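Source file: model_0.cif (mmCIF, C-alpha atoms)
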```
data_run
loop_
_atom_site.label_atom_id
_atom_site.label_comp_id
_atom_site.auth_asym_id
_atom_site.auth_seq_id
_atom_site.Cartn_x
_atom_site.Cartn_y
_atom_site.Cartn_z
CA MET A 1 220.13 28.04 47.47
CA GLU A 2 218.09 27.55 44.34
CA LEU A 3 217.65 23.92 43.41
CA ASN A 4 215.18 22.21 41.13
CA PHE A 5 213.85 18.69 41.26
CA ILE A 6 212.89 17.39 37.82
CA ASP A 7 209.27 16.97 36.76
CA LEU A 8 208.23 13.36 36.47
CA ASN A 9 206.03 11.99 33.72
CA TRP A 10 205.35 8.48 32.51
CA VAL A 11 208.15 8.63 29.97
CA ASN A 12 210.95 9.52 32.35
CA ILE A 13 209.52 7.32 35.12
CA SER A 14 209.66 4.32 32.76
CA LEU A 15 213.12 5.25 31.57
CA LEU A 16 214.36 5.72 35.12
CA PHE A 17 212.94 2.32 36.04
CA ILE A 18 214.80 0.71 33.13
CA VAL A 19 217.97 2.59 34.02
CA GLY A 20 217.55 1.36 37.60
CA PHE A 21 217.06 -2.18 36.35
CA VAL A 22 220.18 -2.16 34.19
CA GLY A 23 222.15 -0.32 36.88
CA GLY A 24 221.07 -2.95 39.40
CA MET A 25 221.98 -5.70 37.00
CA VAL A 26 225.45 -4.26 36.49
CA SER A 27 225.70 -3.85 40.26
CA GLY A 28 224.79 -7.45 40.93
CA PHE A 29 227.05 -8.67 38.14
CA ILE A 30 230.24 -6.94 39.22
CA GLY A 31 229.64 -7.20 42.96
CA SER A 32 228.99 -3.59 43.79
CA GLY A 33 229.26 -0.09 42.42
CA GLY A 34 226.43 0.00 39.89
CA ALA A 35 225.94 3.58 40.98
CA PHE A 36 228.62 4.57 38.50
CA VAL A 37 226.01 4.22 35.77
CA LEU A 38 223.12 5.52 37.88
CA THR A 39 224.60 8.88 38.87
CA PRO A 40 225.46 9.91 35.28
CA ALA A 41 222.14 8.53 34.04
CA MET A 42 220.19 10.65 36.50
CA MET A 43 222.21 13.66 35.43
CA SER A 44 221.27 12.97 31.81
CA PHE A 45 217.65 13.38 32.85
CA GLY A 46 218.52 16.88 33.98
CA VAL A 47 218.99 16.09 37.66
CA PRO A 48 221.65 18.40 39.18
CA GLY A 49 224.88 16.65 40.25
CA ILE A 50 224.33 17.18 43.97
CA VAL A 51 220.78 15.77 43.82
CA ALA A 52 221.88 12.80 41.69
CA VAL A 53 224.60 11.87 44.17
CA ALA A 54 222.41 12.42 47.25
CA THR A 55 219.52 10.44 45.75
CA ASN A 56 221.81 7.64 44.73
CA ILE A 57 223.30 7.34 48.20
CA CYS A 58 219.81 7.28 49.69
CA HIS A 59 218.68 4.39 47.48
CA LYS A 60 221.91 2.48 48.06
CA PHE A 61 222.35 2.19 51.79
CA PRO A 62 219.36 -0.05 52.66
CA LYS A 63 220.30 -2.21 49.67
CA ALA A 64 223.82 -2.51 51.06
CA LEU A 65 222.40 -3.61 54.39
CA VAL A 66 220.32 -6.34 52.77
CA GLY A 67 223.35 -7.46 50.74
CA ALA A 68 225.63 -7.44 53.78
CA ILE A 69 223.24 -9.59 55.81
CA LYS A 70 222.92 -12.06 52.93
CA ARG A 71 226.66 -12.41 52.45
CA HIS A 72 227.27 -12.55 56.18
CA LYS A 73 225.41 -15.84 56.12
CA TYR A 74 228.05 -17.18 53.70
CA GLY A 75 230.75 -16.03 56.11
CA GLN A 76 232.19 -13.49 53.66
CA VAL A 77 231.82 -10.38 55.79
CA ASP A 78 234.41 -9.04 58.21
CA ILE A 79 232.12 -6.90 60.35
CA LYS A 80 234.94 -5.43 62.43
CA LEU A 81 236.91 -4.25 59.40
CA GLY A 82 233.71 -2.99 57.77
CA LEU A 83 232.65 -0.98 60.79
CA ILE A 84 236.08 0.53 61.40
CA MET A 85 236.52 1.50 57.77
CA GLY A 86 232.91 2.66 57.77
CA VAL A 87 233.49 5.04 60.67
CA PHE A 88 236.51 6.64 59.00
CA ALA A 89 234.61 6.67 55.73
CA GLU A 90 232.00 8.71 57.57
CA PHE A 91 234.60 11.42 58.15
CA GLY A 92 235.56 11.29 54.48
CA MET A 93 231.89 11.56 53.61
CA LEU A 94 231.51 14.57 55.85
CA TYR A 95 234.46 16.29 54.21
CA GLY A 96 233.38 15.36 50.68
CA LYS A 97 229.89 16.62 51.30
CA HIS A 98 231.28 19.83 52.70
CA VAL A 99 233.21 20.37 49.45
CA MET A 100 230.06 19.63 47.44
CA SER A 101 227.98 22.07 49.49
CA ILE A 102 230.57 24.83 49.01
CA ILE A 103 230.55 24.24 45.24
CA ASN A 104 226.76 24.33 45.25
CA LYS A 105 226.83 27.60 47.15
CA ASP A 106 229.48 29.28 45.00
CA PHE A 107 228.73 27.87 41.55
CA GLY A 108 225.17 26.56 41.85
CA GLU A 109 223.83 23.23 40.66
CA VAL A 110 225.72 23.37 37.35
CA GLY A 111 228.92 23.63 39.38
CA THR A 112 228.08 20.42 41.22
CA SER A 113 227.30 18.70 37.91
CA LEU A 114 230.68 19.72 36.54
CA TYR A 115 232.47 18.62 39.74
CA VAL A 116 230.75 15.22 39.72
CA SER A 117 231.51 14.75 35.99
CA ALA A 118 235.17 15.69 36.40
CA ILE A 119 235.69 13.24 39.27
CA PHE A 120 233.88 10.56 37.26
CA ILE A 121 236.18 11.03 34.29
CA VAL A 122 239.34 10.79 36.39
CA VAL A 123 238.19 7.88 38.55
CA LEU A 124 236.67 5.86 35.71
CA ALA A 125 239.81 6.31 33.63
CA ILE A 126 242.01 4.96 36.42
CA VAL A 127 239.72 2.18 37.66
CA GLY A 128 238.55 1.23 34.17
CA GLY A 129 242.15 0.89 33.06
CA PHE A 130 243.04 -1.35 35.98
CA VAL A 131 239.94 -3.46 35.53
CA LEU A 132 240.64 -4.04 31.83
CA ARG A 133 244.24 -4.97 32.65
CA ASP A 134 242.96 -7.42 35.26
CA ALA A 135 240.53 -8.89 32.74
CA ARG A 136 243.42 -9.51 30.35
CA LYS A 137 245.51 -11.15 33.10
CA LEU A 138 242.60 -13.32 34.22
CA TYR A 139 241.95 -14.37 30.65
CA ASP A 140 245.58 -15.42 30.20
CA ALA A 141 245.53 -17.30 33.50
CA GLU A 142 242.31 -19.08 32.53
CA GLU A 143 243.84 -20.00 29.16
CA ARG A 144 246.85 -21.48 30.93
CA GLY A 145 244.49 -23.47 33.13
CA GLU A 146 245.61 -21.83 36.37
CA ASP A 147 243.30 -21.55 39.35
CA VAL A 148 242.20 -17.93 39.14
CA HIS A 149 240.54 -18.08 42.53
CA LEU A 150 243.85 -18.70 44.24
CA HIS A 151 244.33 -15.69 46.47
CA LYS A 152 247.75 -14.07 46.35
CA VAL A 153 248.70 -11.48 48.95
CA THR A 154 250.37 -8.51 47.27
CA LYS A 155 253.85 -7.27 48.22
CA LEU A 156 252.32 -4.03 49.45
CA ALA A 157 249.95 -5.92 51.76
CA LYS A 158 252.83 -7.97 53.14
CA TRP A 159 254.73 -4.78 53.88
CA VAL A 160 251.68 -3.13 55.51
CA ARG A 161 251.21 -6.14 57.74
CA SER A 162 254.87 -6.19 58.71
CA ILE A 163 254.75 -2.67 60.18
CA GLU A 164 254.22 -2.79 63.94
CA ILE A 165 252.96 0.43 65.46
CA PRO A 166 252.44 -0.14 69.20
CA GLY A 167 248.96 0.51 70.50
CA THR A 168 247.33 0.56 67.06
CA MET A 169 247.54 -3.08 66.00
CA MET A 170 244.32 -4.97 65.42
CA TYR A 171 243.49 -8.46 64.17
CA PHE A 172 241.09 -8.79 61.21
CA ASP A 173 239.38 -11.97 60.08
CA ALA A 174 239.30 -10.91 56.42
CA ILE A 175 243.08 -10.91 56.19
CA LYS A 176 243.81 -13.32 59.06
CA ALA A 177 246.53 -11.01 60.27
CA ARG A 178 247.21 -8.00 62.46
CA VAL A 179 247.50 -4.61 60.87
CA SER A 180 247.80 -1.08 62.22
CA VAL A 181 244.57 0.90 62.32
CA LEU A 182 246.60 3.89 61.10
CA PHE A 183 246.69 2.28 57.65
CA ILE A 184 242.94 1.88 57.66
CA VAL A 185 242.25 5.55 58.47
CA PRO A 186 243.24 7.00 55.06
CA LEU A 187 241.66 4.10 53.17
CA GLY A 188 238.34 4.63 54.94
CA PHE A 189 238.53 8.40 54.56
CA ALA A 190 239.23 8.22 50.83
CA THR A 191 236.40 5.70 50.34
CA GLY A 192 233.95 8.02 52.10
CA MET A 193 235.10 11.10 50.28
CA LEU A 194 234.70 9.46 46.89
CA ALA A 195 231.29 8.12 47.92
CA SER A 196 230.04 11.56 48.84
CA SER A 197 231.37 12.99 45.56
CA ILE A 198 230.04 10.46 43.04
CA ALA A 199 228.01 7.99 45.20
CA VAL A 200 230.49 5.16 44.49
CA GLY A 201 232.92 4.50 47.32
CA GLY A 202 233.63 0.92 46.38
CA PHE A 203 236.08 2.03 43.69
CA ILE A 204 238.52 2.85 46.47
CA GLY A 205 237.28 0.61 49.29
CA VAL A 206 237.42 -2.72 47.45
CA PRO A 207 240.84 -2.39 45.76
CA ALA A 208 242.23 -0.91 48.99
CA MET A 209 241.18 -3.97 50.97
CA ILE A 210 242.51 -6.34 48.28
CA TYR A 211 245.81 -4.70 47.36
CA VAL A 212 246.77 -2.74 50.49
CA LEU A 213 245.45 -5.03 53.22
CA GLY A 214 245.56 -8.30 51.28
CA ALA A 215 241.95 -9.42 51.73
CA PRO A 216 240.50 -11.99 49.29
CA ALA A 217 238.27 -10.38 46.63
CA LEU A 218 235.12 -12.12 47.85
CA MET A 219 235.61 -10.85 51.41
CA ALA A 220 236.54 -7.38 50.20
CA THR A 221 233.36 -6.91 48.16
CA ALA A 222 231.22 -8.35 50.97
CA THR A 223 232.88 -6.16 53.62
CA GLU A 224 232.47 -3.17 51.33
CA LEU A 225 228.70 -3.61 51.75
CA VAL A 226 229.07 -2.97 55.49
CA ILE A 227 231.11 0.16 54.75
CA ALA A 228 228.57 1.22 52.13
CA PHE A 229 225.77 0.83 54.65
CA VAL A 230 227.52 2.69 57.50
CA MET A 231 228.66 5.61 55.37
CA GLY A 232 225.59 5.50 53.15
CA LEU A 233 223.30 5.92 56.13
CA GLY A 234 225.44 8.79 57.40
CA GLY A 235 225.67 10.34 53.95
CA ALA A 236 221.96 9.99 53.28
CA ILE A 237 221.18 11.74 56.57
CA LEU A 238 223.67 14.51 55.81
CA TYR A 239 222.36 15.14 52.30
CA SER A 240 218.80 14.77 53.48
CA LEU A 241 219.38 17.45 56.11
CA ASP A 242 220.22 19.72 53.18
CA GLY A 243 216.98 18.71 51.48
CA VAL A 244 218.71 17.57 48.30
CA VAL A 245 217.48 13.95 48.28
CA ASP A 246 214.76 13.38 45.70
CA THR A 247 212.86 10.52 47.34
CA ARG A 248 210.68 9.94 44.26
CA LEU A 249 213.72 9.36 42.08
CA ALA A 250 215.45 7.24 44.72
CA MET A 251 212.47 4.89 44.97
CA ILE A 252 211.93 4.56 41.21
CA ILE A 253 215.59 3.66 40.78
CA LEU A 254 215.32 1.29 43.74
CA ALA A 255 212.26 -0.38 42.22
CA GLY A 256 214.19 -1.18 39.06
CA SER A 257 217.52 -1.95 40.61
CA LEU A 258 216.20 -4.50 43.12
CA PHE A 259 214.86 -6.48 40.17
CA GLY A 260 218.12 -6.05 38.32
CA ILE A 261 220.56 -6.80 41.09
CA GLN A 262 219.36 -10.38 41.43
CA VAL A 263 219.50 -11.04 37.71
CA GLY A 264 223.06 -9.69 37.68
CA ALA A 265 224.10 -11.80 40.67
CA ILE A 266 222.65 -14.93 39.07
CA GLY A 267 224.35 -13.99 35.80
CA THR A 268 227.83 -14.10 37.37
CA THR A 269 227.43 -17.79 38.18
CA TYR A 270 227.21 -18.58 34.45
CA VAL A 271 230.23 -16.71 33.16
CA LYS A 272 234.01 -16.81 33.50
CA ASP A 273 235.78 -14.38 35.81
CA HIS A 274 237.46 -12.45 33.04
CA THR A 275 234.08 -11.78 31.39
CA VAL A 276 232.86 -10.05 34.55
CA LYS A 277 235.93 -7.81 34.58
CA LEU A 278 235.75 -7.16 30.84
CA VAL A 279 232.10 -6.10 31.02
CA MET A 280 232.84 -3.87 33.98
CA GLY A 281 235.83 -2.24 32.26
CA VAL A 282 234.05 -1.67 28.97
CA ILE A 283 231.00 -0.09 30.63
CA MET A 284 233.28 2.16 32.67
CA VAL A 285 235.12 3.40 29.61
CA ILE A 286 231.90 4.08 27.70
CA VAL A 287 230.39 5.97 30.67
CA LEU A 288 233.63 7.92 30.93
CA PHE A 289 233.37 9.05 27.30
CA SER A 290 229.72 9.97 27.69
CA ARG A 291 230.64 12.52 30.38
CA PHE A 292 232.98 14.36 27.99
CA PHE A 293 230.02 15.44 25.86
CA TYR A 294 228.44 17.25 28.79
CA LEU A 295 231.49 19.25 29.84
CA PRO A 296 231.25 22.09 27.25
CA ARG A 297 227.64 22.64 28.28
CA TYR A 298 228.61 23.06 31.93
CA PHE A 299 231.53 25.35 31.01
CA SER A 300 229.21 27.45 28.93
CA LYS A 301 226.56 27.71 31.63
CA LEU A 302 229.17 28.70 34.20
CA GLY A 303 230.42 31.39 31.85
CA TRP A 304 233.91 29.90 31.67
CA ILE A 305 233.78 29.82 27.87
CA ASP A 306 231.81 31.89 25.37
CA PRO A 307 228.16 30.88 25.49
CA LEU A 308 227.47 27.98 23.14
CA PRO A 309 224.51 28.17 20.75
CA GLU A 310 221.54 26.20 22.00
CA SER A 311 221.68 23.86 18.99
CA THR A 312 225.30 22.87 19.77
CA MET A 313 224.40 22.18 23.41
CA THR A 314 221.45 20.05 22.37
CA THR A 315 223.58 18.06 19.93
CA LEU A 316 226.30 17.50 22.52
CA LYS A 317 223.77 16.38 25.10
CA TRP A 318 222.25 14.03 22.56
CA PHE A 319 225.65 12.44 21.93
CA GLY A 320 226.27 12.16 25.67
CA ASP A 321 222.91 10.53 26.30
CA ALA A 322 223.36 8.19 23.36
CA THR A 323 226.81 7.10 24.56
CA LEU A 324 225.45 6.45 28.03
CA ALA A 325 222.53 4.51 26.58
CA LEU A 326 225.07 2.46 24.63
CA ALA A 327 226.89 1.64 27.90
CA LEU A 328 223.63 0.50 29.47
CA CYS A 329 222.68 -1.57 26.42
CA VAL A 330 226.08 -3.26 26.30
CA GLY A 331 225.76 -4.15 29.99
CA ALA A 332 222.21 -5.43 29.66
CA PHE A 333 222.93 -7.35 26.47
CA VAL A 334 226.02 -9.15 27.78
CA ILE A 335 224.56 -10.05 31.16
CA LEU A 336 221.16 -11.20 29.89
CA GLY A 337 222.84 -13.04 27.01
CA ALA A 338 225.15 -14.89 29.40
CA LEU A 339 222.28 -15.70 31.69
CA ILE A 340 219.97 -17.07 29.01
CA ARG A 341 222.74 -19.09 27.31
CA GLY A 342 224.00 -20.41 30.64
CA MET A 343 220.58 -21.41 31.86
CA ALA A 344 219.76 -23.19 28.62
CA GLU A 345 222.99 -25.19 28.80
CA HIS A 346 222.38 -26.06 32.41
CA ARG A 347 218.90 -27.25 31.68
CA LYS A 348 220.27 -29.49 28.94
CA GLN A 349 222.88 -30.98 31.26
CA HIS A 350 220.28 -31.36 33.95
CA GLU A 351 217.98 -33.24 31.57
CA ILE A 352 220.78 -35.57 30.51
CA LEU A 353 221.67 -36.23 34.13
CA THR A 354 218.10 -36.92 35.16
CA ALA A 355 217.71 -39.23 32.16
CA GLN A 356 220.82 -41.14 33.27
CA ASP A 357 219.54 -41.27 36.84
CA GLY A 358 216.29 -42.73 35.53
CA ILE A 359 218.12 -45.59 33.78
CA GLU A 360 220.18 -46.35 36.86
CA ASP A 361 217.06 -46.55 38.99
CA MET B 1 202.04 -10.89 49.62
CA TYR B 2 205.17 -8.71 49.45
CA GLY B 3 204.16 -7.96 45.87
CA VAL B 4 200.83 -6.52 46.98
CA VAL B 5 202.42 -4.40 49.70
CA SER B 6 205.05 -3.27 47.22
CA VAL B 7 202.44 -2.14 44.70
CA VAL B 8 200.54 -0.30 47.44
CA LEU B 9 203.74 1.43 48.55
CA PHE B 10 204.53 2.63 45.04
CA ALA B 11 200.96 3.81 44.57
CA LEU B 12 201.31 5.83 47.77
CA LEU B 13 204.61 7.19 46.48
CA ALA B 14 202.92 8.39 43.29
CA LEU B 15 200.04 9.86 45.27
CA TYR B 16 202.22 11.79 47.68
CA SER B 17 205.07 12.63 45.29
CA ASN B 18 204.31 16.35 45.43
CA ASN B 19 204.48 16.26 49.22
CA LEU B 20 207.91 14.65 49.01
CA VAL B 21 209.19 17.46 46.82
CA GLU B 22 207.63 20.00 49.16
CA TRP B 23 209.17 18.37 52.26
CA ALA B 24 212.60 18.45 50.62
CA ARG B 25 212.08 22.14 49.89
CA LEU B 26 211.02 22.76 53.49
CA THR B 27 214.16 20.95 54.70
CA ARG B 28 216.21 23.31 52.55
CA ALA B 29 214.27 26.21 54.03
CA GLY B 30 215.20 25.18 57.56
CA GLU B 31 212.60 22.64 58.71
CA LYS B 32 215.30 20.08 59.39
CA LEU B 33 213.09 17.40 60.93
CA TYR B 34 211.77 16.39 57.50
CA PHE B 35 215.18 14.88 56.75
CA ILE B 36 213.99 11.62 58.29
CA VAL B 37 211.31 11.06 55.62
CA PRO B 38 213.59 9.82 52.77
CA ILE B 39 215.57 7.65 55.20
CA ILE B 40 212.51 5.83 56.53
CA ILE B 41 210.97 5.46 53.09
CA ALA B 42 214.24 4.02 51.74
CA PHE B 43 214.35 1.39 54.49
CA VAL B 44 210.74 0.31 54.16
CA PHE B 45 210.72 0.17 50.35
CA SER B 46 213.94 -1.70 50.15
CA PHE B 47 212.83 -4.34 52.64
CA VAL B 48 209.41 -4.97 51.10
CA HIS B 49 210.38 -4.59 47.47
CA GLY B 50 213.62 -6.56 47.96
CA ASN B 51 211.70 -9.53 49.30
CA PHE B 52 209.19 -9.25 46.49
CA THR B 53 211.77 -9.20 43.70
CA SER B 54 213.56 -12.15 45.22
CA TYR B 55 210.37 -14.25 45.20
CA PHE B 56 209.53 -12.91 41.77
CA TRP B 57 212.65 -14.30 40.08
CA ASP B 58 212.43 -17.53 42.05
CA ALA B 59 208.89 -17.98 40.79
CA LEU B 60 210.03 -17.36 37.21
CA GLY B 61 212.69 -20.01 37.61
CA PHE B 62 215.79 -17.81 37.47
CA LYS B 63 218.34 -19.58 39.63
CA ALA B 64 222.08 -19.41 40.14
CA ALA B 65 224.21 -22.08 38.46
CA ASN B 66 225.54 -23.35 41.79
CA ASN B 67 222.05 -23.97 43.09
CA ASN B 68 221.29 -26.10 40.09
CA LYS B 69 224.41 -28.11 40.63
CA SER B 70 223.67 -28.80 44.28
CA LYS B 71 220.15 -29.79 43.41
CA LYS B 72 220.96 -32.56 41.00
#
```
With the file now loaded, output its structure as structure tokens.
Amino acid sequence: MELNFIDLNWVNISLLFIVGFVGGMVSGFIGSGGAFVLTPAMMSFGVPGIVAVATNICHKFPKALVGAIKRHKYGQVDIKLGLIMGVFAEFGMLYGKHVMSIINKDFGEVGTSLYVSAIFIVVLAIVGGFVLRDARKLYDAEERGEDVHLHKVTKLAKWVRSIEIPGTMMYFDAIKARVSVLFIVPLGFATGMLASSIAVGGFIGVPAMIYVLGAPALMATATELVIAFVMGLGGAILYSLDGVVDTRLAMIILAGSLFGIQVGAIGTTYVKDHTVKLVMGVIMVIVLFSRFFYLPRYFSKLGWIDPLPESTMTTLKWFGDATLALALCVGAFVILGALIRGMAEHRKQHEILTAQDGIED
Amino acid sequence: MYGVVSVVLFALLALYSNNLVEWARLTRAGEKLYFIVPIIIAFVFSFVHGNFTSYFWDALGFKAANNNKSKK
């Protein structure tokens, strides 16, 4: 199988580092899933879809482990649920990777790029839509002065918990209830399959735990890190066995994203909940549109449409790259803006408080 | 300290980047044992560099809002 790793020079190394930084920042800001900007970004640099996904998974899993350990200390991780979903996710990963390998064999690296783009468009449209709707709801709730952190168990979750299937029931801390493992199997499988297709499994894993099992959001995102580690390790090994992981790229992205992830995480403590969702939704929609510009190019290369003139392909790619860059800039601008504003306000309050303390002393 | 190790690691990465590409190609060609290289590198880099970045932002004074509140 013919596969090319991109040439690295100072320009694309620096750009990849910045992309990693912003991707990490988005990741830290929304809890997880920053890979949804990293995979398309790598592809914009000319990295084939299969390599972008494999490389992304490889840079993600140790990060997930570090995150999981950190959040375990705050008591937010349900290790049992994470491991069980992780194991089934592994099967999903295996299947998803099998599909990817077949596409690579039959249609080559352009085929994998098209496959990854198509899944991105569908998934981002669905998830982005839900996230924006959630942002709107949260905003309304905040306006009404309701406690948005109050956890409500969905009707679906109540129904899932009410089903007793003998021999398969298991108690989970995250939901403080018993639920049949049979419900967890498809959730885990789907999470893994999505992860092996676009390197972001959290888009299924997190909402599944919240809406289907009824776990609180904080526990769901923390437990997702365990799943991400288990299936990420498995996935990285699988893709690495195929020799499609570009370690250089993975480490450059990692270098940037580890800086970014902490800035993003700190940023969340200075903004309202609906802002987090709004940023996430907007970035998703912009990334989604950026992928559209690449599709004709892939179709043309695969011979599914009449070959496009080189100038048209270049223009389309330029639009795609520019749209993606816009998504990254929006993310960076909002998060850094919130952080700087928030920190300045805090400092002011802090100074006032210390001044008052001084008088009291 | 982590910063120094981190810089050394990335220098090594730059130095041996061609080997990494070659090992990936060899894995594709059938030398499956090379698969372990990216996995180990990912673990080591993420541990060292993760610790470094955490200290880095702490040193620059970037802190979460909750920490500030508990401090006062």
*Hey, what's within 9 Å of Phe289 (chain A) if we count all atoms listed in the file and toss same-chain stuff fewer than 4 positions away? As an MDAnalysis selection string, please?*
chainID A and resid 121 284:285 293 320 323:324
In Å and to one decimal, CA of Phe43 (chain B) is distant from CA of Gly192 (chain A) by 20.8 Å
task: Name the residues that the PyMOL selection byres ((chain B and resi 44-51) around 6) picks from the file above, as a list in words, using the file's chain letters and numbers.
output: Leu258 of chain A; Tyr2, Ser6, Ile41, Ala42, Phe43, Phe52, Thr53 and Ser54 of chain B
Residues of chain B within 9 Å of chain A: nearest atom pair and distance (Å, one decimal) for each, counting only C-alpha atoms, sorted by chain and number, as a Markdown table?
```
| residue | atom | partner | partner_atom | distance |
| --- | --- | --- | --- | --- |
| B:Phe10 | CA | A:Met251 | CA | 8.3 |
| B:Leu13 | CA | A:Arg248 | CA | 7.0 |
| B:Ala14 | CA | A:Arg248 | CA | 8.0 |
| B:Ser17 | CA | A:Arg248 | CA | 6.3 |
| B:Leu20 | CA | A:Thr247 | CA | 6.7 |
| B:Val21 | CA | A:Asp246 | CA | 7.0 |
| B:Trp23 | CA | A:Gly243 | CA | 7.9 |
| B:Ala24 | CA | A:Gly243 | CA | 4.5 |
| B:Arg25 | CA | A:Gly243 | CA | 6.2 |
| B:Leu26 | CA | A:Gly243 | CA | 7.5 |
| B:Thr27 | CA | A:Gly243 | CA | 4.8 |
| B:Arg28 | CA | A:Gly243 | CA | 4.8 |
| B:Ala29 | CA | A:Gly243 | CA | 8.4 |
| B:Gly30 | CA | A:Asp242 | CA | 8.6 |
| B:Glu31 | CA | A:Leu241 | CA | 8.9 |
| B:Lys32 | CA | A:Leu241 | CA | 5.9 |
| B:Leu33 | CA | A:Leu241 | CA | 7.9 |
| B:Tyr34 | CA | A:Leu241 | CA | 7.8 |
| B:Phe35 | CA | A:Ser240 | CA | 4.9 |
| B:Ile36 | CA | A:Ile237 | CA | 7.4 |
| B:Val37 | CA | A:Thr247 | CA | 8.4 |
| B:Pro38 | CA | A:Thr247 | CA | 5.5 |
| B:Ile39 | CA | A:Cys58 | CA | 7.0 |
| B:Ile41 | CA | A:Thr247 | CA | 7.9 |
| B:Ala42 | CA | A:His59 | CA | 6.2 |
| B:Phe43 | CA | A:Pro62 | CA | 5.5 |
| B:Val44 | CA | A:Pro62 | CA | 8.8 |
| B:Phe45 | CA | A:Met251 | CA | 7.4 |
| B:Ser46 | CA | A:Pro62 | CA | 6.2 |
| B:Phe47 | CA | A:Val66 | CA | 7.8 |
| B:His49 | CA | A:Ala255 | CA | 7.0 |
| B:Gly50 | CA | A:Leu258 | CA | 5.9 |
| B:Phe52 | CA | A:Phe259 | CA | 8.9 |
| B:Thr53 | CA | A:Phe259 | CA | 5.4 |
| B:Ser54 | CA | A:Gln262 | CA | 7.2 |
| B:Phe56 | CA | A:Phe259 | CA | 8.5 |
| B:Trp57 | CA | A:Gln262 | CA | 7.9 |
| B:Phe62 | CA | A:Ile266 | CA | 7.6 |
| B:Lys63 | CA | A:Ile266 | CA | 6.4 |
| B:Ala64 | CA | A:Ile266 | CA | 4.6 |
| B:Ala65 | CA | A:Thr269 | CA | 5.4 |
| B:Asn66 | CA | A:Thr269 | CA | 6.9 |
| B:Asn68 | CA | A:His346 | CA | 7.8 |
| B:Lys69 | CA | A:His350 | CA | 8.5 |
| B:Lys72 | CA | A:His350 | CA | 7.2 |
```
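The shortest atom-to-atom distance to Met42 (chain A), with all atoms listed in the file taken into account, belongs to A:Ile198 out of A:Gly145, A:Ile198, A:Val77, A:Phe88.
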Name every residue that the PyMOL selection byres ((chain A and resi 283) around 9) selects in this structure, writing the answer as an NGL selection string with chains first and numbers rising. :A and (37 or 128 or 278-282 or 284-288 or 324 or 326-328 or 330-331)
Using all atoms listed in the file, the best pick from A:Phe36, A:Tyr298, A:Trp304, A:Phe17 as closest to Gly202 (chain A) would be A:Phe36
